[in-house]
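Below is model34.cif, which holds mmCIF, C-alpha atoms.
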data_protein
#
loop_
_atom_site.group_PDB
_atom_site.id
_atom_site.type_symbol
_atom_site.label_atom_id
_atom_site.label_comp_id
_atom_site.auth_asym_id
_atom_site.auth_seq_id
_atom_site.Cartn_x
_atom_site.Cartn_y
_atom_site.Cartn_z
ATOM 1 C CA MET J 245 -8.543 -2.328 21.354
ATOM 2 C CA ALA J 246 -5.665 -1.231 23.516
ATOM 3 C CA GLU J 247 -3.483 1.849 23.209
ATOM 4 C CA LEU J 248 -0.981 0.241 20.900
ATOM 5 C CA ILE J 249 2.006 2.196 19.730
ATOM 6 C CA ALA J 250 1.426 0.540 16.372
ATOM 7 C CA LEU J 251 -1.870 2.469 16.097
ATOM 8 C CA TYR J 252 -0.096 5.787 16.516
ATOM 9 C CA VAL J 253 2.617 4.827 14.052
ATOM 10 C CA CYS J 254 0.154 3.769 11.359
ATOM 11 C CA GLY J 255 -2.067 6.792 11.974
ATOM 12 C CA LEU J 256 0.806 9.249 11.712
ATOM 13 C CA ILE J 257 2.210 7.617 8.591
ATOM 14 C CA ALA J 258 -1.262 7.651 7.012
ATOM 15 C CA LEU J 259 -1.539 11.372 7.687
ATOM 16 C CA PHE J 260 1.975 12.091 6.429
ATOM 17 C CA ALA J 261 1.419 10.086 3.263
ATOM 18 C CA ALA J 262 -1.988 11.694 2.647
ATOM 19 C CA VAL J 263 -0.448 15.153 2.923
ATOM 20 C CA ARG J 264 2.350 14.240 0.525
ATOM 21 C CA THR J 265 -0.153 12.708 -1.884
ATOM 22 C CA VAL J 266 -2.166 15.885 -1.983
ATOM 23 C CA VAL J 267 0.788 18.250 -2.201
ATOM 24 C CA GLU J 268 2.757 16.450 -4.936
ATOM 25 C CA PRO J 269 1.987 18.033 -8.319
ATOM 26 C CA ASP J 270 2.676 15.137 -10.695
ATOM 27 C CA PRO J 271 -0.002 12.406 -10.789
ATOM 28 C CA TYR J 272 2.463 9.598 -11.478
ATOM 29 C CA ARG J 273 4.452 10.532 -8.395
ATOM 30 C CA LYS J 274 1.325 10.906 -6.285
ATOM 31 C CA LEU J 275 0.643 7.210 -6.695
ATOM 32 C CA PRO J 276 3.513 5.880 -4.538
ATOM 33 C CA TYR J 277 2.515 8.251 -1.721
ATOM 34 C CA LEU J 278 -1.083 7.087 -2.068
ATOM 35 C CA ASN J 279 0.213 3.521 -1.900
ATOM 36 C CA VAL J 280 1.931 4.276 1.434
ATOM 37 C CA MET J 281 -1.339 5.675 2.770
ATOM 38 C CA ASN J 282 -3.173 2.536 1.640
ATOM 39 C CA PHE J 283 -0.627 0.396 3.505
ATOM 40 C CA ALA J 284 -1.180 2.417 6.650
ATOM 41 C CA VAL J 285 -4.969 2.252 6.359
ATOM 42 C CA ALA J 286 -4.869 -1.505 5.767
ATOM 43 C CA GLY J 287 -2.791 -1.878 8.931
ATOM 44 C CA LEU J 288 -5.214 0.372 10.813
ATOM 45 C CA ILE J 289 -8.162 -1.762 9.759
ATOM 46 C CA VAL J 290 -6.775 -4.800 11.523
ATOM 47 C CA LEU J 291 -5.495 -2.850 14.518
ATOM 48 C CA VAL J 292 -8.860 -1.153 15.092
ATOM 49 C CA LEU J 293 -10.985 -4.300 15.061
ATOM 50 C CA VAL J 294 -9.280 -7.589 15.879
ATOM 51 C CA HIS J 295 -11.499 -10.109 14.144
ATOM 52 C CA PRO J 296 -10.801 -12.692 11.419
ATOM 53 C CA LEU J 297 -13.038 -10.853 8.971
ATOM 54 C CA SER J 298 -10.875 -7.760 9.443
ATOM 55 C CA ILE J 299 -8.137 -9.553 7.532
ATOM 56 C CA LEU J 300 -10.576 -10.019 4.671
ATOM 57 C CA ALA J 301 -11.603 -6.360 4.835
ATOM 58 C CA ALA J 302 -7.974 -5.220 4.932
ATOM 59 C CA ALA J 303 -7.046 -7.493 2.030
ATOM 60 C CA ALA J 304 -10.085 -6.381 0.012
ATOM 61 C CA TYR J 305 -9.257 -2.748 0.684
ATOM 62 C CA PHE J 306 -5.631 -3.221 -0.242
ATOM 63 C CA VAL J 307 -6.224 -5.222 -3.417
ATOM 64 C CA GLY J 308 -8.937 -2.734 -4.415
ATOM 65 C CA SER J 309 -6.627 0.216 -3.913
ATOM 66 C CA THR J 310 -3.895 -1.544 -5.893
ATOM 67 C CA LEU J 311 -6.295 -2.181 -8.780
ATOM 68 C CA GLU J 312 -7.419 1.422 -8.631
ATOM 69 C CA ALA J 313 -3.883 2.812 -8.659
ATOM 70 C CA ASN J 314 -2.968 0.580 -11.579
ATOM 71 C CA ALA J 315 -6.087 1.672 -13.472
ATOM 72 C CA ILE J 316 -5.247 5.332 -12.955
ATOM 73 C CA ALA J 317 -1.621 4.884 -14.019
ATOM 74 C CA SER J 318 -2.492 2.792 -17.088
ATOM 75 C CA ALA J 319 -5.273 5.141 -18.171
ATOM 76 C CA ARG J 320 -3.026 8.158 -17.833
ATOM 77 C CA ALA J 321 -0.257 6.411 -19.760
ATOM 78 C CA ALA J 322 -2.705 5.552 -22.538
ATOM 79 C CA VAL J 323 -4.196 9.048 -22.718
ATOM 80 C CA MET J 324 -0.905 10.924 -22.470
ATOM 81 C CA GLY J 325 0.676 8.684 -25.090
ATOM 82 C CA ASP J 326 2.889 6.695 -22.673
ATOM 83 C CA ASP J 327 4.115 10.050 -21.408
ATOM 84 C CA MET Z 271 -11.707 4.076 18.414
ATOM 85 C CA ILE Z 272 -9.218 6.246 20.250
ATOM 86 C CA GLU Z 273 -9.525 9.989 19.845
ATOM 87 C CA PHE Z 274 -6.129 10.450 18.249
ATOM 88 C CA LEU Z 275 -7.133 8.154 15.416
ATOM 89 C CA GLN Z 276 -10.499 9.843 14.977
ATOM 90 C CA ILE Z 277 -8.840 13.219 14.587
ATOM 91 C CA VAL Z 278 -6.131 11.954 12.233
ATOM 92 C CA LEU Z 279 -8.627 10.178 9.981
ATOM 93 C CA ALA Z 280 -10.954 13.178 9.965
ATOM 94 C CA VAL Z 281 -8.060 15.375 8.866
ATOM 95 C CA ILE Z 282 -7.268 12.913 6.074
ATOM 96 C CA VAL Z 283 -10.892 12.970 4.915
ATOM 97 C CA ILE Z 284 -11.014 16.775 4.868
ATOM 98 C CA LEU Z 285 -7.647 16.916 3.122
ATOM 99 C CA GLY Z 286 -8.869 14.512 0.460
ATOM 100 C CA ALA Z 287 -12.127 16.379 -0.032
ATOM 101 C CA VAL Z 288 -10.516 19.808 -0.348
ATOM 102 C CA ALA Z 289 -7.791 18.487 -2.644
ATOM 103 C CA THR Z 290 -10.379 16.822 -4.873
ATOM 104 C CA ALA Z 291 -12.253 20.094 -5.190
ATOM 105 C CA TRP Z 292 -9.111 22.084 -5.921
ATOM 106 C CA SER Z 293 -7.459 19.818 -8.515
ATOM 107 C CA ARG Z 294 -7.848 20.536 -12.196
ATOM 108 C CA ASP Z 295 -6.420 17.377 -13.708
ATOM 109 C CA PRO Z 296 -9.009 14.545 -13.695
ATOM 110 C CA PHE Z 297 -6.425 11.990 -12.609
ATOM 111 C CA ASN Z 298 -5.464 14.194 -9.666
ATOM 112 C CA LYS Z 299 -9.100 14.317 -8.655
ATOM 113 C CA LEU Z 300 -9.428 10.556 -8.731
ATOM 114 C CA ILE Z 301 -6.288 10.102 -6.664
ATOM 115 C CA CYS Z 302 -7.495 12.596 -4.054
ATOM 116 C CA LEU Z 303 -10.837 10.778 -3.942
ATOM 117 C CA GLY Z 304 -8.821 7.696 -3.054
ATOM 118 C CA VAL Z 305 -7.301 9.612 -0.142
ATOM 119 C CA LEU Z 306 -10.774 10.582 1.033
ATOM 120 C CA ILE Z 307 -12.109 7.025 0.900
ATOM 121 C CA GLY Z 308 -9.014 5.774 2.672
ATOM 122 C CA GLY Z 309 -9.762 8.134 5.521
ATOM 123 C CA VAL Z 310 -13.388 7.071 5.784
ATOM 124 C CA PHE Z 311 -12.735 3.352 5.673
ATOM 125 C CA PRO Z 312 -11.458 2.747 9.235
ATOM 126 C CA PHE Z 313 -14.603 4.445 10.560
ATOM 127 C CA ILE Z 314 -16.705 1.848 8.788
ATOM 128 C CA ILE Z 315 -14.577 -0.882 10.349
ATOM 129 C CA ALA Z 316 -14.720 0.626 13.820
ATOM 130 C CA GLY Z 317 -18.505 0.696 13.570
ATOM 131 C CA GLY Z 318 -18.437 -3.074 13.195
ATOM 132 C CA TYR Z 319 -19.828 -3.118 9.650
ATOM 133 C CA LEU Z 320 -17.281 -5.562 8.282
ATOM 134 C CA ASP Z 321 -19.463 -6.837 5.450
ATOM 135 C CA VAL Z 322 -20.269 -3.259 4.399
ATOM 136 C CA ALA Z 323 -16.554 -2.523 4.527
ATOM 137 C CA VAL Z 324 -15.691 -5.416 2.219
ATOM 138 C CA ALA Z 325 -18.409 -4.283 -0.199
ATOM 139 C CA VAL Z 326 -17.195 -0.662 -0.187
ATOM 140 C CA ALA Z 327 -13.607 -1.795 -0.593
ATOM 141 C CA LEU Z 328 -14.527 -3.640 -3.755
ATOM 142 C CA ILE Z 329 -17.030 -1.142 -5.153
ATOM 143 C CA ALA Z 330 -14.988 2.057 -4.757
ATOM 144 C CA PRO Z 331 -12.152 0.998 -7.108
ATOM 145 C CA ILE Z 332 -14.678 -0.336 -9.614
ATOM 146 C CA THR Z 333 -16.306 3.092 -9.543
ATOM 147 C CA THR Z 334 -12.943 4.667 -10.302
ATOM 148 C CA ILE Z 335 -12.441 2.309 -13.209
ATOM 149 C CA PHE Z 336 -15.876 3.205 -14.569
ATOM 150 C CA VAL Z 337 -15.094 6.920 -14.280
ATOM 151 C CA LEU Z 338 -11.818 6.388 -16.138
ATOM 152 C CA ALA Z 339 -13.647 4.530 -18.865
ATOM 153 C CA ILE Z 340 -16.213 7.322 -19.207
ATOM 154 C CA THR Z 341 -13.937 10.354 -19.121
ATOM 155 C CA GLY Z 342 -10.630 8.958 -20.301
ATOM 156 C CA ARG Z 343 -11.840 8.482 -23.835
ATOM 157 C CA ASN Z 344 -12.102 12.206 -24.447
ATOM 158 C CA GLY Z 345 -8.340 12.720 -24.580
ATOM 159 C CA ASP Z 346 -8.073 15.082 -21.624
ATOM 160 C CA GLY Z 347 -4.992 17.175 -20.975
ATOM 161 C CA ALA Z 348 -3.236 18.096 -17.770
ATOM 162 C CA MET C 232 10.339 -8.626 26.626
ATOM 163 C CA LEU C 233 11.829 -5.815 24.581
ATOM 164 C CA ALA C 234 9.962 -2.537 24.767
ATOM 165 C CA ASP C 235 7.765 -1.599 21.826
ATOM 166 C CA TYR C 236 9.923 1.286 20.726
ATOM 167 C CA ILE C 237 12.826 -1.119 20.317
ATOM 168 C CA GLN C 238 10.760 -3.873 18.712
ATOM 169 C CA ILE C 239 9.264 -1.645 16.035
ATOM 170 C CA PRO C 240 12.548 -0.554 14.394
ATOM 171 C CA ILE C 241 13.828 -4.137 14.470
ATOM 172 C CA ALA C 242 10.566 -5.342 12.909
ATOM 173 C CA ALA C 243 10.791 -2.564 10.310
ATOM 174 C CA ALA C 244 14.314 -3.610 9.340
ATOM 175 C CA LEU C 245 13.299 -7.273 9.093
ATOM 176 C CA CYS C 246 10.275 -6.462 6.936
ATOM 177 C CA TRP C 247 12.385 -4.189 4.726
ATOM 178 C CA ILE C 248 14.971 -6.897 4.127
ATOM 179 C CA LEU C 249 12.311 -9.543 3.507
ATOM 180 C CA PHE C 250 10.204 -7.706 0.980
ATOM 181 C CA VAL C 251 13.083 -6.092 -0.908
ATOM 182 C CA THR C 252 14.821 -9.467 -1.164
ATOM 183 C CA VAL C 253 11.729 -11.284 -2.408
ATOM 184 C CA ASP C 254 10.912 -8.531 -4.903
ATOM 185 C CA ILE C 255 14.468 -8.475 -6.248
ATOM 186 C CA VAL C 256 14.513 -12.282 -6.501
ATOM 187 C CA PHE C 257 11.284 -12.092 -8.506
ATOM 188 C CA ARG C 258 12.943 -9.557 -10.830
ATOM 189 C CA LEU C 259 10.534 -6.718 -10.171
ATOM 190 C CA PRO C 260 12.961 -3.973 -11.257
ATOM 191 C CA GLU C 261 13.420 -5.587 -14.636
ATOM 192 C CA LYS C 262 10.234 -4.478 -16.302
ATOM 193 C CA GLY C 263 6.796 -3.288 -15.461
ATOM 194 C CA GLY C 264 4.435 -6.190 -14.817
ATOM 195 C CA VAL C 265 1.453 -4.101 -15.864
ATOM 196 C CA LYS C 266 1.361 -0.948 -17.970
ATOM 197 C CA GLY C 267 0.888 1.474 -15.111
ATOM 198 C CA ALA C 268 4.067 0.255 -13.422
ATOM 199 C CA ALA C 269 6.186 1.080 -16.462
ATOM 200 C CA ALA C 270 4.735 4.594 -16.650
ATOM 201 C CA ILE C 271 5.461 5.297 -12.996
ATOM 202 C CA GLY C 272 8.961 3.879 -13.357
ATOM 203 C CA ARG C 273 9.696 6.041 -16.361
ATOM 204 C CA LYS C 274 8.503 9.173 -14.578
ATOM 205 C CA ILE C 275 10.651 8.489 -11.527
ATOM 206 C CA GLY C 276 13.591 7.809 -13.834
ATOM 207 C CA GLU C 277 13.082 11.109 -15.608
ATOM 208 C CA ASP C 278 12.954 13.043 -12.355
ATOM 209 C CA GLY C 279 16.388 12.066 -11.196
ATOM 210 C CA GLY C 280 15.990 8.492 -10.092
ATOM 211 C CA ALA C 281 17.175 5.219 -11.542
ATOM 212 C CA LEU C 282 14.894 3.394 -13.980
ATOM 213 C CA PRO C 283 15.153 -0.126 -12.457
ATOM 214 C CA GLY C 284 14.381 1.250 -9.012
ATOM 215 C CA GLY C 285 11.525 3.299 -10.385
ATOM 216 C CA THR C 286 10.137 0.270 -12.203
ATOM 217 C CA MET C 287 10.208 -1.724 -8.963
ATOM 218 C CA MET C 288 8.414 1.093 -7.157
ATOM 219 C CA GLY C 289 5.850 1.156 -9.962
ATOM 220 C CA ASN C 290 5.381 -2.586 -9.568
ATOM 221 C CA ILE C 291 4.895 -2.154 -5.815
ATOM 222 C CA VAL C 292 2.118 0.366 -6.524
ATOM 223 C CA SER C 293 0.392 -1.516 -9.308
ATOM 224 C CA SER C 294 0.349 -5.120 -8.169
ATOM 225 C CA PRO C 295 0.312 -7.033 -4.888
ATOM 226 C CA ASP C 296 3.996 -7.725 -4.424
ATOM 227 C CA ALA C 297 5.973 -8.985 -1.452
ATOM 228 C CA SER C 298 5.385 -5.746 0.467
ATOM 229 C CA ALA C 299 1.621 -6.248 0.321
ATOM 230 C CA GLY C 300 2.070 -9.920 1.167
ATOM 231 C CA THR C 301 4.220 -9.121 4.192
ATOM 232 C CA LEU C 302 1.757 -6.558 5.522
ATOM 233 C CA LEU C 303 -1.285 -8.786 5.156
ATOM 234 C CA ALA C 304 0.589 -11.771 6.587
ATOM 235 C CA ALA C 305 1.552 -9.694 9.646
ATOM 236 C CA CYS C 306 -2.111 -8.690 10.001
ATOM 237 C CA GLY C 307 -3.112 -12.331 9.749
ATOM 238 C CA VAL C 308 -0.628 -13.447 12.406
ATOM 239 C CA TYR C 309 -1.801 -10.611 14.674
ATOM 240 C CA VAL C 310 -5.401 -11.803 14.506
ATOM 241 C CA ALA C 311 -5.024 -15.560 14.382
ATOM 242 C CA GLY C 312 -1.423 -16.684 14.649
ATOM 243 C CA LEU C 313 0.314 -18.694 11.946
ATOM 244 C CA PRO C 314 -2.938 -20.057 10.427
ATOM 245 C CA GLY C 315 -4.161 -16.475 10.130
ATOM 246 C CA GLY C 316 -1.005 -15.488 8.315
ATOM 247 C CA LEU C 317 -1.315 -18.371 5.881
ATOM 248 C CA ALA C 318 -4.995 -17.542 5.321
ATOM 249 C CA ALA C 319 -3.906 -13.997 4.477
ATOM 250 C CA ALA C 320 -1.353 -15.498 2.062
ATOM 251 C CA ALA C 321 -4.190 -17.379 0.359
ATOM 252 C CA ILE C 322 -6.116 -14.112 -0.025
ATOM 253 C CA VAL C 323 -3.004 -12.447 -1.478
ATOM 254 C CA PHE C 324 -2.746 -15.330 -3.935
ATOM 255 C CA ILE C 325 -6.292 -14.611 -5.096
ATOM 256 C CA GLY C 326 -5.369 -10.940 -5.354
ATOM 257 C CA ASN C 327 -2.340 -11.818 -7.486
ATOM 258 C CA ARG C 328 -4.635 -13.670 -9.867
ATOM 259 C CA ILE C 329 -7.190 -10.850 -9.974
ATOM 260 C CA CYS C 330 -4.521 -8.305 -10.877
ATOM 261 C CA HIS C 331 -3.182 -10.548 -13.658
ATOM 262 C CA ASP C 332 0.166 -10.439 -11.964
ATOM 263 C CA PRO C 333 2.695 -12.469 -13.953
ATOM 264 C CA GLY C 334 4.715 -13.461 -10.880
ATOM 265 C CA TYR C 335 3.849 -14.614 -7.393
ATOM 266 C CA ALA C 336 6.008 -12.268 -5.387
ATOM 267 C CA GLY C 337 3.056 -11.358 -3.203
ATOM 268 C CA THR C 338 2.143 -14.884 -2.240
ATOM 269 C CA THR C 339 5.765 -15.861 -1.619
ATOM 270 C CA GLY C 340 6.338 -12.791 0.513
ATOM 271 C CA ALA C 341 3.161 -13.491 2.466
ATOM 272 C CA VAL C 342 4.073 -17.087 3.214
ATOM 273 C CA LEU C 343 7.624 -16.206 4.235
ATOM 274 C CA ALA C 344 6.423 -13.300 6.340
ATOM 275 C CA SER C 345 3.886 -15.519 8.122
ATOM 276 C CA PHE C 346 6.679 -17.784 9.285
ATOM 277 C CA LEU C 347 8.973 -14.878 10.075
ATOM 278 C CA VAL C 348 6.426 -13.055 12.213
ATOM 279 C CA SER C 349 5.229 -16.230 13.937
ATOM 280 C CA GLY C 350 8.825 -17.113 14.715
ATOM 281 C CA PHE C 351 9.466 -13.732 16.280
ATOM 282 C CA VAL C 352 6.233 -13.969 18.244
ATOM 283 C CA VAL C 353 7.681 -17.097 19.835
ATOM 284 C CA LEU C 354 10.774 -15.036 20.691
ATOM 285 C CA GLY C 355 8.594 -12.508 22.483
ATOM 286 C CA PHE C 356 7.811 -9.912 19.816
ATOM 287 C CA ALA C 357 4.310 -8.522 19.457
ATOM 288 C CA PRO C 358 2.822 -9.100 15.989
ATOM 289 C CA GLU C 359 1.297 -5.628 15.779
ATOM 290 C CA ASN C 360 4.813 -4.228 15.825
ATOM 291 C CA PHE C 361 5.405 -6.048 12.573
ATOM 292 C CA ILE C 362 2.379 -4.324 11.097
ATOM 293 C CA ALA C 363 3.800 -0.969 12.127
ATOM 294 C CA GLY C 364 7.254 -2.078 11.009
ATOM 295 C CA MET C 365 6.056 -3.006 7.525
ATOM 296 C CA VAL C 366 4.295 0.354 7.149
ATOM 297 C CA ILE C 367 7.509 2.099 8.181
ATOM 298 C CA ALA C 368 9.476 -0.020 5.699
ATOM 299 C CA ILE C 369 7.208 0.898 2.795
ATOM 300 C CA LEU C 370 7.358 4.539 3.894
ATOM 301 C CA THR C 371 11.135 4.518 3.548
ATOM 302 C CA ILE C 372 10.919 3.190 -0.004
ATOM 303 C CA GLN C 373 7.886 4.955 -1.417
ATOM 304 C CA GLY C 374 7.167 7.833 0.885
ATOM 305 C CA LEU C 375 10.342 9.779 1.577
ATOM 306 C CA SER C 376 12.488 10.413 -1.472
ATOM 307 C CA HIS C 377 11.720 8.702 -4.758
ATOM 308 C CA PRO C 378 15.047 9.466 -6.481
ATOM 309 C CA TYR C 379 17.118 8.284 -3.525
ATOM 310 C CA ALA C 380 15.073 5.136 -2.964
ATOM 311 C CA SER C 381 15.063 4.242 -6.637
ATOM 312 C CA ARG C 382 18.830 4.610 -6.825
ATOM 313 C CA LEU C 383 19.230 2.419 -3.750
ATOM 314 C CA LEU C 384 16.970 -0.247 -5.258
ATOM 315 C CA ALA C 385 18.804 -0.019 -8.567
ATOM 316 C CA ARG C 386 22.104 -0.613 -6.786
ATOM 317 C CA ILE C 387 20.707 -3.691 -5.008
ATOM 318 C CA TRP C 388 19.306 -4.855 -8.342
ATOM 319 C CA GLY C 389 22.791 -4.468 -9.761
ATOM 320 C CA TRP C 390 24.089 -6.997 -7.239
ATOM 321 C CA ARG C 391 21.550 -9.539 -8.391
ATOM 322 C CA SER C 392 22.021 -9.226 -12.125
#
Can I see the file as structure tokens?
Amino acid sequence: MAELIALYVCGLIALFAAVRTVVEPDPYRKLPYLNVMNFAVAGLIVLVLVHPLSILAAAAYFVGSTLEANAIASARAAVMGDD
Amino acid sequence: MIEFLQIVLAVIVILGAVATAWSRDPFNKLICLGVLIGGVFPFIIAGGYLDVAVAVALIAPITTIFVLAITGRNGDGA
Amino acid sequence: MLADYIQIPIAAALCWILFVTVDIVFRLPEKGGVKGAAAIGRKIGEDGGALPGGTMMGNIVSSPDASAGTLLAACGVYVAGLPGGLAAAAIVFIGNRICHDPGYAGTTGAVLASFLVSGFVVLGFAPENFIAGMVIAILTIQGLSHPYASRLLARIWGWRS
């Protein structure tokens, strides 16, 4: 694993997005920031370990995080009465 | 894994953990747990445990969905 | 070949154009594909954004759309060239089915991105710069300013409809 600039870019964006996720007060608006962090982590997965199964791990992580974000948003919409 | 990445991911994990502890709203807590898991995940990959990683990647969201099913029924507020 | 710090912005612009175009063609800003997307869209609309743009951003969060497809395709090409990208597209297709996604924006974006990235690799680009570029592209839409991005997306949506 070489010193790719792409690693630094994805790492910094992951950190930036994580900070914004945590700082944002409204849960609905946290979710797009969390989504950015998930993108960055999925990219990091493949950049850290270059192996065909990494694609599967990155895809599983990304689809899982998408399902999770959708579950949170739908559950909150149902509980809060569609806001 | 290069040191820069180790530090950045560790900061993300700590951020997620502290934010989860501090939030009041249950949905906020779940989202911050997602941040924490996102920070831990590349460490699992870098250790070479790809099959473990795929399993965790599928189990963690299912856990969230279970938690939502358990707590969401009580009509929680903000 | 071009230096990395020149390649990455070019790759980011290409990824941005690709995934926004595919998502708009698949009518993502029209309505929420799943319930969570509509809720996010409404909230962004209330806070000073535009509802169609917010709905598209909600759809990006809640289902594997062209942005996810482009990222995973770039990862696939990085690991294993064009076959890797198409394998990633197949995985995105399965993900689209798992998430009960009504459209196939993700799979389409993944297939197109596989060819795009492979083509630019032939021209001398490094595929990892497309991974970084896609992350930058999604940051500009979902990670900087929701009202501004949603209004921009709504304006582009206006051109289509």
| task | Enumerate, as a VMD selection string, the residues matched when the PyMOL selection byres ((chain J and resi 261-268) around 7) is run on the file above. | result | (chain J and resid 257 to 260 269 to 270 274 277 to 278 280 to 281) or (chain Z and resid 282 289 302 305) or (chain C and resid 374)
Write the residues of the selection above to a file with C-alpha atoms, as a PDB file, in the frame of the given file.
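Result file selection00.pdb:
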ATOM      1  CA  ILE J 257       2.210   7.617   8.591  1.00  0.00           C
ATOM      2  CA  ALA J 258      -1.262   7.651   7.012  1.00  0.00           C
ATOM      3  CA  LEU J 259      -1.539  11.372   7.687  1.00  0.00           C
ATOM      4  CA  PHE J 260       1.975  12.091   6.429  1.00  0.00           C
ATOM      5  CA  PRO J 269       1.987  18.033  -8.319  1.00  0.00           C
ATOM      6  CA  ASP J 270       2.676  15.137 -10.695  1.00  0.00           C
ATOM      7  CA  LYS J 274       1.325  10.906  -6.285  1.00  0.00           C
ATOM      8  CA  TYR J 277       2.515   8.251  -1.721  1.00  0.00           C
ATOM      9  CA  LEU J 278      -1.083   7.087  -2.068  1.00  0.00           C
ATOM     10  CA  VAL J 280       1.931   4.276   1.434  1.00  0.00           C
ATOM     11  CA  MET J 281      -1.339   5.675   2.770  1.00  0.00           C
TER      12      MET J 281
ATOM     13  CA  ILE Z 282      -7.268  12.913   6.074  1.00  0.00           C
ATOM     14  CA  ALA Z 289      -7.791  18.487  -2.644  1.00  0.00           C
ATOM     15  CA  CYS Z 302      -7.495  12.596  -4.054  1.00  0.00           C
ATOM     16  CA  VAL Z 305      -7.301   9.612  -0.142  1.00  0.00           C
TER      17      VAL Z 305
ATOM     18  CA  GLY C 374       7.167   7.833   0.885  1.00  0.00           C
TER      19      GLY C 374
END
Select from chain J every residue with an atom at most 6 Å from any atom of chain Z, then for each give the shortest pair of atoms and their distance in Å to one decimal, using only C-alpha atoms, rows by chain and rising number, as a tab-separated table.
residue	atom	partner	partner_atom	distance
J:Pro271	CA	Z:Asn298	CA	5.9
J:Ile289	CA	Z:Pro312	CA	5.6
J:Ala301	CA	Z:Val324	CA	4.9
J:Ala304	CA	Z:Ala327	CA	5.8
J:Tyr305	CA	Z:Ala327	CA	4.6
J:Gly308	CA	Z:Pro331	CA	5.6
J:Glu312	CA	Z:Pro331	CA	5.0
J:Val323	CA	Z:Gly345	CA	5.8
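When only C-alpha atoms are used to measure the gap to Ser376 (chain C), the shortest distance among C:Leu354, C:Leu317, C:Ala244, C:Met288 belongs to C:Met288.
Our summary of the geometry notes that CA of Ala242 (chain C) is positioned 25.8 Å from CA of Gly389 (chain C).
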Could you state which residues are captured by the PyMOL selection byres ((chain C and resi 326) around 12) in this file, as a short mmCIF file (atom, residue, chain, number, x, y, z; two decimals) with C-alpha atoms, in the frame of the given file?
data_model
loop_
_atom_site.label_atom_id
_atom_site.label_comp_id
_atom_site.auth_asym_id
_atom_site.auth_seq_id
_atom_site.Cartn_x
_atom_site.Cartn_y
_atom_site.Cartn_z
CA LEU J 300 -10.58 -10.02 4.67
CA ALA J 303 -7.05 -7.49 2.03
CA ALA J 304 -10.09 -6.38 0.01
CA TYR J 305 -9.26 -2.75 0.68
CA PHE J 306 -5.63 -3.22 -0.24
CA VAL J 307 -6.22 -5.22 -3.42
CA GLY J 308 -8.94 -2.73 -4.42
CA SER J 309 -6.63 0.22 -3.91
CA THR J 310 -3.90 -1.54 -5.89
CA LEU J 311 -6.30 -2.18 -8.78
CA LEU Z 328 -14.53 -3.64 -3.76
CA SER C 293 0.39 -1.52 -9.31
CA SER C 294 0.35 -5.12 -8.17
CA PRO C 295 0.31 -7.03 -4.89
CA ASP C 296 4.00 -7.72 -4.42
CA ALA C 299 1.62 -6.25 0.32
CA GLY C 300 2.07 -9.92 1.17
CA LEU C 303 -1.28 -8.79 5.16
CA ALA C 319 -3.91 -14.00 4.48
CA ALA C 320 -1.35 -15.50 2.06
CA ALA C 321 -4.19 -17.38 0.36
CA ILE C 322 -6.12 -14.11 -0.02
CA VAL C 323 -3.00 -12.45 -1.48
CA PHE C 324 -2.75 -15.33 -3.94
CA ILE C 325 -6.29 -14.61 -5.10
CA ASN C 327 -2.34 -11.82 -7.49
CA ARG C 328 -4.64 -13.67 -9.87
CA ILE C 329 -7.19 -10.85 -9.97
CA CYS C 330 -4.52 -8.30 -10.88
CA HIS C 331 -3.18 -10.55 -13.66
CA ASP C 332 0.17 -10.44 -11.96
CA PRO C 333 2.70 -12.47 -13.95
CA GLY C 334 4.72 -13.46 -10.88
CA TYR C 335 3.85 -14.61 -7.39
CA ALA C 336 6.01 -12.27 -5.39
CA GLY C 337 3.06 -11.36 -3.20
CA THR C 338 2.14 -14.88 -2.24
CA ALA C 341 3.16 -13.49 2.47
#
| Residue members of the PyMOL selection byres ((chain J) within 6 of (chain C)) in the file shown, as an NGL selection string | :J and (250 or 272 or 276-277 or 279-280 or 284 or 294 or 310 or 314 or 317-318)
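Straight-line separation from CA of Arg258 (chain C) to CA of Trp390 (chain C): 12.0 Å.
Atom pair CA of Gln238 (chain C) / CA of Ile387 (chain C) has a distance of 25.7 Å (rounded to one decimal).
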Report, as JSON, the axis-aligned box around all atoms of region 256-267 of chain C present in the file, extended by 8 Å on each side; give centre and edge lengths in Å to one decimal place.
{"center_x": 7.7, "center_y": -5.4, "center_z": -12.2, "size_x": 29.6, "size_y": 29.8, "size_z": 27.5}
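Look at everything within 8 Å of (4.2, -17.7, 11.6) using all atoms listed in the file, and the residues you get are Val308, Gly312, Leu313, Pro314, Gly316, Leu317, Ala344, Ser345, Phe346, Leu347, Val348, Ser349, Gly350 and Val352 of chain C.
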